[in-house]
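K.L.:
Next comes the structure file work.pdb, holding PDB, C-alpha atoms.
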```pdb
ATOM      1  CA  MET A  82       0.000   0.000   0.000  1.00  0.00           C
ATOM      2  CA  SER A  83       1.956   2.923  -1.245  1.00  0.00           C
ATOM      3  CA  HIS A  84      -0.569   5.666  -1.841  1.00  0.00           C
ATOM      4  CA  ALA A  85      -3.959   7.038  -0.947  1.00  0.00           C
ATOM      5  CA  ARG A  86      -6.926   6.156  -3.083  1.00  0.00           C
ATOM      6  CA  LYS A  87      -8.724   9.310  -1.953  1.00  0.00           C
ATOM      7  CA  GLU A  88      -8.019  11.864   0.749  1.00  0.00           C
ATOM      8  CA  TYR A  89      -9.961  12.921   3.815  1.00  0.00           C
ATOM      9  CA  THR A  90     -10.842  16.221   2.167  1.00  0.00           C
ATOM     10  CA  ASP A  91     -12.254  14.328  -0.835  1.00  0.00           C
ATOM     11  CA  PHE A  92     -14.813  12.643   1.442  1.00  0.00           C
ATOM     12  CA  GLU A  93     -16.084  16.008   2.663  1.00  0.00           C
ATOM     13  CA  LYS A  94     -16.272  17.396  -0.901  1.00  0.00           C
ATOM     14  CA  LEU A  95     -17.884  14.316  -2.481  1.00  0.00           C
ATOM     15  CA  THR A  96     -20.484  13.618   0.217  1.00  0.00           C
ATOM     16  CA  PRO A  97     -20.841  16.594   2.552  1.00  0.00           C
ATOM     17  CA  ASP A  98     -24.056  15.167   4.013  1.00  0.00           C
ATOM     18  CA  ALA A  99     -22.434  11.848   4.976  1.00  0.00           C
ATOM     19  CA  PHE A 100     -19.376  13.687   6.289  1.00  0.00           C
ATOM     20  CA  ALA A 101     -21.586  15.926   8.441  1.00  0.00           C
ATOM     21  CA  ALA A 102     -23.605  12.969   9.764  1.00  0.00           C
ATOM     22  CA  VAL A 103     -20.532  10.990  10.856  1.00  0.00           C
ATOM     23  CA  ARG A 104     -18.934  14.108  12.350  1.00  0.00           C
ATOM     24  CA  SER A 105     -22.137  14.982  14.210  1.00  0.00           C
ATOM     25  CA  LEU A 106     -22.498  11.487  15.666  1.00  0.00           C
ATOM     26  CA  GLY A 107     -18.944  11.717  16.953  1.00  0.00           C
ATOM     27  CA  GLN A 108     -19.529  15.046  18.677  1.00  0.00           C
ATOM     28  CA  PHE A 109     -22.500  14.068  20.846  1.00  0.00           C
ATOM     29  CA  ALA A 110     -20.438  12.407  23.586  1.00  0.00           C
ATOM     30  CA  ALA A 111     -18.225  15.443  24.199  1.00  0.00           C
ATOM     31  CA  LYS A 112     -21.235  17.778  24.069  1.00  0.00           C
ATOM     32  CA  ALA A 113     -22.899  15.562  26.685  1.00  0.00           C
ATOM     33  CA  GLY A 114     -19.935  16.123  28.999  1.00  0.00           C
ATOM     34  CA  LEU A 115     -17.849  12.974  28.603  1.00  0.00           C
ATOM     35  CA  ASP A 116     -14.160  13.642  29.179  1.00  0.00           C
ATOM     36  CA  LYS A 117     -12.495  14.703  25.925  1.00  0.00           C
ATOM     37  CA  GLN A 118      -9.174  13.057  26.791  1.00  0.00           C
ATOM     38  CA  MET A 119     -10.907   9.737  27.463  1.00  0.00           C
ATOM     39  CA  LEU A 120     -12.779  10.044  24.170  1.00  0.00           C
ATOM     40  CA  GLU A 121      -9.488  10.538  22.306  1.00  0.00           C
ATOM     41  CA  LEU A 122      -8.089   7.391  23.936  1.00  0.00           C
ATOM     42  CA  VAL A 123     -11.183   5.482  22.812  1.00  0.00           C
ATOM     43  CA  LYS A 124     -10.892   6.820  19.257  1.00  0.00           C
ATOM     44  CA  LEU A 125      -7.210   5.980  19.152  1.00  0.00           C
ATOM     45  CA  ARG A 126      -7.810   2.412  20.358  1.00  0.00           C
ATOM     46  CA  ALA A 127     -10.557   1.714  17.825  1.00  0.00           C
ATOM     47  CA  SER A 128      -8.390   3.169  15.068  1.00  0.00           C
ATOM     48  CA  GLN A 129      -5.486   0.926  16.076  1.00  0.00           C
ATOM     49  CA  ILE A 130      -7.718  -2.136  15.949  1.00  0.00           C
ATOM     50  CA  ASN A 131      -9.160  -1.141  12.569  1.00  0.00           C
ATOM     51  CA  GLY A 132      -5.787  -0.326  11.029  1.00  0.00           C
ATOM     52  CA  CYS A 133      -6.652   3.229  10.012  1.00  0.00           C
ATOM     53  CA  ALA A 134      -3.334   5.089   9.792  1.00  0.00           C
ATOM     54  CA  PHE A 135      -5.022   8.457   9.234  1.00  0.00           C
ATOM     55  CA  CYS A 136      -7.204   8.098  12.332  1.00  0.00           C
ATOM     56  CA  VAL A 137      -4.382   6.748  14.520  1.00  0.00           C
ATOM     57  CA  GLN A 138      -2.207   9.751  13.701  1.00  0.00           C
ATOM     58  CA  PHE A 139      -5.120  12.190  13.882  1.00  0.00           C
ATOM     59  CA  HIS A 140      -6.116  11.042  17.376  1.00  0.00           C
ATOM     60  CA  ILE A 141      -2.537  10.972  18.629  1.00  0.00           C
ATOM     61  CA  LEU A 142      -2.215  14.599  17.564  1.00  0.00           C
ATOM     62  CA  GLN A 143      -5.616  15.481  19.043  1.00  0.00           C
ATOM     63  CA  GLY A 144      -4.684  13.750  22.283  1.00  0.00           C
ATOM     64  CA  GLU A 145      -1.434  15.686  22.499  1.00  0.00           C
ATOM     65  CA  ASN A 146      -3.346  18.934  21.904  1.00  0.00           C
ATOM     66  CA  LEU A 147      -5.663  18.026  24.792  1.00  0.00           C
ATOM     67  CA  GLY A 148      -2.690  17.436  27.089  1.00  0.00           C
ATOM     68  CA  ILE A 149      -2.678  13.640  27.214  1.00  0.00           C
ATOM     69  CA  PRO A 150       0.863  12.565  28.110  1.00  0.00           C
ATOM     70  CA  VAL A 151       2.723  11.028  25.171  1.00  0.00           C
ATOM     71  CA  ASP A 152       3.535   7.915  27.212  1.00  0.00           C
ATOM     72  CA  LYS A 153      -0.173   7.345  27.801  1.00  0.00           C
ATOM     73  CA  LEU A 154      -0.934   7.724  24.091  1.00  0.00           C
ATOM     74  CA  ASN A 155       1.855   5.279  23.261  1.00  0.00           C
ATOM     75  CA  LEU A 156       0.500   2.728  25.731  1.00  0.00           C
ATOM     76  CA  VAL A 157      -3.134   2.724  24.571  1.00  0.00           C
ATOM     77  CA  VAL A 158      -2.339  -0.325  22.440  1.00  0.00           C
ATOM     78  CA  VAL A 159      -1.414  -2.240  25.634  1.00  0.00           C
ATOM     79  CA  TRP A 160      -3.707  -0.468  28.093  1.00  0.00           C
ATOM     80  CA  ARG A 161      -4.389  -3.612  30.142  1.00  0.00           C
ATOM     81  CA  GLU A 162      -0.709  -3.854  31.082  1.00  0.00           C
ATOM     82  CA  ALA A 163      -0.116  -0.135  31.685  1.00  0.00           C
ATOM     83  CA  PRO A 164      -0.820   1.540  35.041  1.00  0.00           C
ATOM     84  CA  GLN A 165      -1.543   4.980  33.497  1.00  0.00           C
ATOM     85  CA  PHE A 166      -5.230   4.305  32.901  1.00  0.00           C
ATOM     86  CA  SER A 167      -8.011   4.972  35.411  1.00  0.00           C
ATOM     87  CA  ALA A 168     -10.815   2.499  36.090  1.00  0.00           C
ATOM     88  CA  ARG A 169     -13.151   4.652  33.997  1.00  0.00           C
ATOM     89  CA  GLU A 170     -10.702   4.753  31.073  1.00  0.00           C
ATOM     90  CA  ARG A 171     -10.195   0.989  31.330  1.00  0.00           C
ATOM     91  CA  ALA A 172     -13.947   0.427  31.197  1.00  0.00           C
ATOM     92  CA  ALA A 173     -14.207   2.747  28.175  1.00  0.00           C
ATOM     93  CA  LEU A 174     -11.335   0.988  26.403  1.00  0.00           C
ATOM     94  CA  ALA A 175     -12.802  -2.468  27.098  1.00  0.00           C
ATOM     95  CA  TRP A 176     -16.184  -1.233  25.814  1.00  0.00           C
ATOM     96  CA  THR A 177     -14.458   0.174  22.727  1.00  0.00           C
ATOM     97  CA  GLU A 178     -12.741  -3.118  21.969  1.00  0.00           C
ATOM     98  CA  ALA A 179     -15.970  -5.084  22.417  1.00  0.00           C
ATOM     99  CA  LEU A 180     -17.924  -2.769  20.100  1.00  0.00           C
ATOM    100  CA  THR A 181     -15.119  -2.545  17.542  1.00  0.00           C
ATOM    101  CA  MET A 182     -14.678  -6.319  17.416  1.00  0.00           C
ATOM    102  CA  ILE A 183     -18.437  -6.787  17.594  1.00  0.00           C
ATOM    103  CA  ALA A 184     -18.409 -10.220  15.944  1.00  0.00           C
ATOM    104  CA  ASP A 185     -17.177 -11.507  19.311  1.00  0.00           C
ATOM    105  CA  GLY A 186     -20.196  -9.946  21.033  1.00  0.00           C
ATOM    106  CA  VAL A 187     -20.197  -7.890  24.218  1.00  0.00           C
ATOM    107  CA  SER A 188     -19.650 -10.034  27.274  1.00  0.00           C
ATOM    108  CA  ASP A 189     -21.625  -9.599  30.480  1.00  0.00           C
ATOM    109  CA  GLU A 190     -18.326  -8.831  32.219  1.00  0.00           C
ATOM    110  CA  VAL A 191     -17.472  -5.940  29.874  1.00  0.00           C
ATOM    111  CA  TYR A 192     -21.030  -4.615  30.109  1.00  0.00           C
ATOM    112  CA  ALA A 193     -20.939  -4.772  33.914  1.00  0.00           C
ATOM    113  CA  GLN A 194     -17.568  -3.009  33.997  1.00  0.00           C
ATOM    114  CA  ALA A 195     -18.819  -0.241  31.701  1.00  0.00           C
ATOM    115  CA  SER A 196     -22.116   0.079  33.590  1.00  0.00           C
ATOM    116  CA  ALA A 197     -20.236   0.434  36.868  1.00  0.00           C
ATOM    117  CA  GLU A 198     -18.277   3.424  35.524  1.00  0.00           C
ATOM    118  CA  PHE A 199     -20.874   5.140  33.315  1.00  0.00           C
ATOM    119  CA  SER A 200     -24.509   6.094  33.740  1.00  0.00           C
ATOM    120  CA  GLU A 201     -26.930   4.668  31.179  1.00  0.00           C
ATOM    121  CA  GLN A 202     -26.918   7.969  29.310  1.00  0.00           C
ATOM    122  CA  GLU A 203     -23.113   8.282  29.402  1.00  0.00           C
ATOM    123  CA  LEU A 204     -22.706   4.732  28.132  1.00  0.00           C
ATOM    124  CA  THR A 205     -25.078   5.441  25.265  1.00  0.00           C
ATOM    125  CA  TYR A 206     -23.137   8.580  24.326  1.00  0.00           C
ATOM    126  CA  LEU A 207     -19.855   6.656  24.614  1.00  0.00           C
ATOM    127  CA  THR A 208     -21.348   4.040  22.300  1.00  0.00           C
ATOM    128  CA  SER A 209     -22.191   6.782  19.782  1.00  0.00           C
ATOM    129  CA  ALA A 210     -18.565   7.985  19.858  1.00  0.00           C
ATOM    130  CA  ILE A 211     -17.345   4.432  19.272  1.00  0.00           C
ATOM    131  CA  ALA A 212     -19.830   3.955  16.418  1.00  0.00           C
ATOM    132  CA  SER A 213     -18.609   7.185  14.862  1.00  0.00           C
ATOM    133  CA  ILE A 214     -14.904   6.366  15.020  1.00  0.00           C
ATOM    134  CA  ASN A 215     -15.593   2.942  13.573  1.00  0.00           C
ATOM    135  CA  ALA A 216     -17.384   4.630  10.661  1.00  0.00           C
ATOM    136  CA  TRP A 217     -14.457   7.047  10.176  1.00  0.00           C
ATOM    137  CA  ASN A 218     -12.062   4.082  10.275  1.00  0.00           C
ATOM    138  CA  ARG A 219     -13.979   2.349   7.490  1.00  0.00           C
ATOM    139  CA  PHE A 220     -13.590   5.377   5.244  1.00  0.00           C
ATOM    140  CA  GLY A 221      -9.970   6.049   6.206  1.00  0.00           C
ATOM    141  CA  ALA A 222      -8.824   2.460   5.781  1.00  0.00           C
ATOM    142  CA  ALA A 223     -10.810   1.864   2.577  1.00  0.00           C
ATOM    143  CA  TYR A 224      -9.469   4.978   0.887  1.00  0.00           C
ATOM    144  CA  ARG A 225      -6.047   4.910   2.580  1.00  0.00           C
ATOM    145  CA  TRP A 226      -6.229   8.514   3.654  1.00  0.00           C
ATOM    146  CA  THR A 227      -2.781   9.993   4.131  1.00  0.00           C
ATOM    147  CA  PRO A 228      -2.096  10.473   7.861  1.00  0.00           C
ATOM    148  CA  PRO A 229      -1.956  14.122   8.888  1.00  0.00           C
ATOM    149  CA  ALA A 230       1.505  15.572   9.281  1.00  0.00           C
ATOM    150  CA  ARG A 231       2.658  16.822  12.636  1.00  0.00           C
ATOM    151  CA  LYS A 232       2.922  20.589  12.566  1.00  0.00           C
ATOM    152  CA  GLN A 233       6.489  21.570  13.316  1.00  0.00           C
ATOM    153  CA  ALA A 234       6.916  24.140  16.057  1.00  0.00           C
ATOM    154  CA  THR A 235       8.625  27.252  14.871  1.00  0.00           C
ATOM    155  CA  ASN A 236      11.846  28.032  16.644  1.00  0.00           C
ATOM    156  CA  ALA A 237      11.530  31.644  17.760  1.00  0.00           C
ATOM    157  CA  ALA A 238      15.085  31.616  19.133  1.00  0.00           C
ATOM    158  CA  ALA A 239      16.500  30.885  15.659  1.00  0.00           C
ATOM    159  CA  SER A 240      15.187  34.116  14.180  1.00  0.00           C
TER     160      SER A 240
END
```
Can you turn what I pasted into structure tokens?
P.N.:
Amino acid sequence: MSHARKEYTDFEKLTPDAFAAVRSLGQFAAKAGLDKQMLELVKLRASQINGCAFCVQFHILQGENLGIPVDKLNLVVVWREAPQFSARERAALAWTEALTMIADGVSDEVYAQASAEFSEQELTYLTSAIASINAWNRFGAAYRWTPPARKQATNAAAS
């Protein structure tokens, strides 16, 4: 896989209604008050599972912008073994994995863990965020969107 079939911006131009619908679905959880850092971790984990390079890079950069420590972002892929994650984040990540690998179903254990950390409404909004990132991943992986470049900080001392 050496090149993009289409780019992220092409999706918005070709189907602005679909783009807006997926974007809107993904914004409900944050608007409902769920922690934005936790949501970025969830989006990153789903994107890792789905193999969407664009979304992995995008959510790493978003996470950094929100102040998530780089070590925590690097360890999302092995969150079960890493002590950096709270019980609530662990429940969200387990829920994310279950919904992303939905063919395996959602176990009673994962549901109980998520229900212990989230109200019914919060869990429904979290589910909408996971549904949205999985939709984005399908587009990004199918069209091999080019991952966004990291913006280089300008060196004010050099001028």
K.L.:
Which residue out of A:Gln233, A:Asn218, A:Asn131, A:Thr205 has the minimum interatomic distance to Ala110 in chain A when all atoms listed in the file are used?
P.N.:
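Among the listed residues, the smallest separation from Ala110 in chain A belongs to A:Thr205.
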K.L.:
Could you check which residues have any atom within 12 Å of (-17.3, 14.7, 3.6), counting all atoms listed in the file with coordinates taken straight from the file, and then list them as JSON, numbers by chain?
P.N.:
{"A": [87, 88, 89, 90, 91, 92, 93, 94, 95, 96, 97, 98, 99, 100, 101, 102, 103, 104, 105, 217, 220, 221]}
K.L.:
Residues picked by the PyMOL selection byres ((chain A and resi 209) around 8) here, as a ChimeraX atom specification?
P.N.:
/A:106-107,109-110,205-208,210-213
K.L.:
Take the residues from that selection and write them out as a PDB file, in the coordinates of the input, keeping C-alpha atoms.
P.N.:
```pdb
ATOM      1  CA  LEU A 106     -22.498  11.487  15.666  1.00  0.00           C
ATOM      2  CA  GLY A 107     -18.944  11.717  16.953  1.00  0.00           C
ATOM      3  CA  PHE A 109     -22.500  14.068  20.846  1.00  0.00           C
ATOM      4  CA  ALA A 110     -20.438  12.407  23.586  1.00  0.00           C
ATOM      5  CA  THR A 205     -25.078   5.441  25.265  1.00  0.00           C
ATOM      6  CA  TYR A 206     -23.137   8.580  24.326  1.00  0.00           C
ATOM      7  CA  LEU A 207     -19.855   6.656  24.614  1.00  0.00           C
ATOM      8  CA  THR A 208     -21.348   4.040  22.300  1.00  0.00           C
ATOM      9  CA  ALA A 210     -18.565   7.985  19.858  1.00  0.00           C
ATOM     10  CA  ILE A 211     -17.345   4.432  19.272  1.00  0.00           C
ATOM     11  CA  ALA A 212     -19.830   3.955  16.418  1.00  0.00           C
ATOM     12  CA  SER A 213     -18.609   7.185  14.862  1.00  0.00           C
TER      13      SER A 213
END
```
K.L.:
Apply the PyMOL selection byres ((chain A and resi 230) around 10) to the structure shown and report the selected residues as a list in words.
P.N.:
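Output from the PyMOL selection byres ((chain A and resi 230) around 10), applied to this file: Phe135, Gln138, Phe139, Leu142, Thr227, Pro228, Pro229, Arg231, Lys232 and Gln233 of chain A.
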K.L.:
Between A:Ala113, A:Leu204, A:Leu122, A:Ala195, which is the closest to Arg169 in chain A once you count all atoms listed in the file?
P.N.:
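Looking at the shortest contact to Arg169 in chain A, the residue is A:Ala195.
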K.L.:
List as a ChimeraX atom specification the protein and nucleic acid residues near Arg126 in chain A, meaning an atom at most 8 Å away when all atoms listed in the file are counted, but skip any in the same chain fewer than 6 places from it.
P.N.:
/A:157-158,174,177-178
K.L.:
Could you list, as a PyMOL selection string, every residue matched by the PyMOL selection byres ((chain A and resi 84) around 12) in this structure?
P.N.:
chain A and resi 82-83+85-88+134+222-228
K.L.:
Could N, CA, C and O atoms be built for range 110-128 of chain A and written out as a PDB file, in the frame of the given file?
P.N.:
```pdb
ATOM      1  N   ALA A 110     -20.978  12.831  22.291  1.00  0.00           N
ATOM      2  CA  ALA A 110     -20.438  12.407  23.586  1.00  0.00           C
ATOM      3  C   ALA A 110     -19.727  13.554  24.298  1.00  0.00           C
ATOM      4  O   ALA A 110     -19.920  13.758  25.501  1.00  0.00           O
ATOM      5  N   ALA A 111     -18.918  14.309  23.582  1.00  0.00           N
ATOM      6  CA  ALA A 111     -18.225  15.443  24.199  1.00  0.00           C
ATOM      7  C   ALA A 111     -19.220  16.524  24.594  1.00  0.00           C
ATOM      8  O   ALA A 111     -19.109  17.115  25.676  1.00  0.00           O
ATOM      9  N   LYS A 112     -20.217  16.776  23.751  1.00  0.00           N
ATOM     10  CA  LYS A 112     -21.235  17.778  24.069  1.00  0.00           C
ATOM     11  C   LYS A 112     -22.039  17.369  25.298  1.00  0.00           C
ATOM     12  O   LYS A 112     -22.542  18.225  26.023  1.00  0.00           O
ATOM     13  N   ALA A 113     -22.157  16.066  25.527  1.00  0.00           N
ATOM     14  CA  ALA A 113     -22.899  15.562  26.685  1.00  0.00           C
ATOM     15  C   ALA A 113     -22.048  15.599  27.961  1.00  0.00           C
ATOM     16  O   ALA A 113     -22.541  15.278  29.035  1.00  0.00           O
ATOM     17  N   GLY A 114     -20.775  15.960  27.819  1.00  0.00           N
ATOM     18  CA  GLY A 114     -19.935  16.123  28.999  1.00  0.00           C
ATOM     19  C   GLY A 114     -18.941  15.004  29.273  1.00  0.00           C
ATOM     20  O   GLY A 114     -18.234  15.057  30.286  1.00  0.00           O
ATOM     21  N   LEU A 115     -18.863  14.010  28.400  1.00  0.00           N
ATOM     22  CA  LEU A 115     -17.849  12.974  28.603  1.00  0.00           C
ATOM     23  C   LEU A 115     -16.464  13.588  28.410  1.00  0.00           C
ATOM     24  O   LEU A 115     -16.268  14.474  27.565  1.00  0.00           O
ATOM     25  N   ASP A 116     -15.520  13.113  29.181  1.00  0.00           N
ATOM     26  CA  ASP A 116     -14.160  13.642  29.179  1.00  0.00           C
ATOM     27  C   ASP A 116     -13.531  13.539  27.784  1.00  0.00           C
ATOM     28  O   ASP A 116     -13.480  12.447  27.194  1.00  0.00           O
ATOM     29  N   LYS A 117     -13.056  14.664  27.282  1.00  0.00           N
ATOM     30  CA  LYS A 117     -12.495  14.703  25.925  1.00  0.00           C
ATOM     31  C   LYS A 117     -11.214  13.890  25.812  1.00  0.00           C
ATOM     32  O   LYS A 117     -10.968  13.264  24.773  1.00  0.00           O
ATOM     33  N   GLN A 118     -10.395  13.870  26.842  1.00  0.00           N
ATOM     34  CA  GLN A 118      -9.174  13.057  26.791  1.00  0.00           C
ATOM     35  C   GLN A 118      -9.527  11.572  26.701  1.00  0.00           C
ATOM     36  O   GLN A 118      -8.955  10.843  25.892  1.00  0.00           O
ATOM     37  N   MET A 119     -10.488  11.138  27.508  1.00  0.00           N
ATOM     38  CA  MET A 119     -10.907   9.737  27.463  1.00  0.00           C
ATOM     39  C   MET A 119     -11.458   9.391  26.080  1.00  0.00           C
ATOM     40  O   MET A 119     -11.172   8.323  25.530  1.00  0.00           O
ATOM     41  N   LEU A 120     -12.224  10.296  25.507  1.00  0.00           N
ATOM     42  CA  LEU A 120     -12.779  10.044  24.170  1.00  0.00           C
ATOM     43  C   LEU A 120     -11.675   9.902  23.127  1.00  0.00           C
ATOM     44  O   LEU A 120     -11.783   9.076  22.216  1.00  0.00           O
ATOM     45  N   GLU A 121     -10.612  10.677  23.244  1.00  0.00           N
ATOM     46  CA  GLU A 121      -9.488  10.538  22.306  1.00  0.00           C
ATOM     47  C   GLU A 121      -8.808   9.185  22.473  1.00  0.00           C
ATOM     48  O   GLU A 121      -8.398   8.564  21.485  1.00  0.00           O
ATOM     49  N   LEU A 122      -8.687   8.711  23.708  1.00  0.00           N
ATOM     50  CA  LEU A 122      -8.089   7.391  23.936  1.00  0.00           C
ATOM     51  C   LEU A 122      -8.939   6.301  23.286  1.00  0.00           C
ATOM     52  O   LEU A 122      -8.412   5.372  22.660  1.00  0.00           O
ATOM     53  N   VAL A 123     -10.241   6.433  23.412  1.00  0.00           N
ATOM     54  CA  VAL A 123     -11.183   5.482  22.812  1.00  0.00           C
ATOM     55  C   VAL A 123     -11.047   5.496  21.284  1.00  0.00           C
ATOM     56  O   VAL A 123     -10.972   4.450  20.636  1.00  0.00           O
ATOM     57  N   LYS A 124     -11.008   6.696  20.715  1.00  0.00           N
ATOM     58  CA  LYS A 124     -10.892   6.820  19.257  1.00  0.00           C
ATOM     59  C   LYS A 124      -9.559   6.272  18.759  1.00  0.00           C
ATOM     60  O   LYS A 124      -9.501   5.619  17.704  1.00  0.00           O
ATOM     61  N   LEU A 125      -8.521   6.512  19.519  1.00  0.00           N
ATOM     62  CA  LEU A 125      -7.210   5.980  19.152  1.00  0.00           C
ATOM     63  C   LEU A 125      -7.224   4.457  19.189  1.00  0.00           C
ATOM     64  O   LEU A 125      -6.742   3.805  18.258  1.00  0.00           O
ATOM     65  N   ARG A 126      -7.808   3.877  20.243  1.00  0.00           N
ATOM     66  CA  ARG A 126      -7.810   2.412  20.358  1.00  0.00           C
ATOM     67  C   ARG A 126      -8.603   1.759  19.228  1.00  0.00           C
ATOM     68  O   ARG A 126      -8.142   0.788  18.621  1.00  0.00           O
ATOM     69  N   ALA A 127      -9.772   2.283  18.928  1.00  0.00           N
ATOM     70  CA  ALA A 127     -10.557   1.714  17.825  1.00  0.00           C
ATOM     71  C   ALA A 127      -9.799   1.828  16.511  1.00  0.00           C
ATOM     72  O   ALA A 127      -9.775   0.887  15.710  1.00  0.00           O
ATOM     73  N   SER A 128      -9.144   2.952  16.313  1.00  0.00           N
ATOM     74  CA  SER A 128      -8.390   3.169  15.068  1.00  0.00           C
ATOM     75  C   SER A 128      -7.209   2.222  14.955  1.00  0.00           C
ATOM     76  O   SER A 128      -6.882   1.757  13.854  1.00  0.00           O
TER      77      SER A 128
END
```
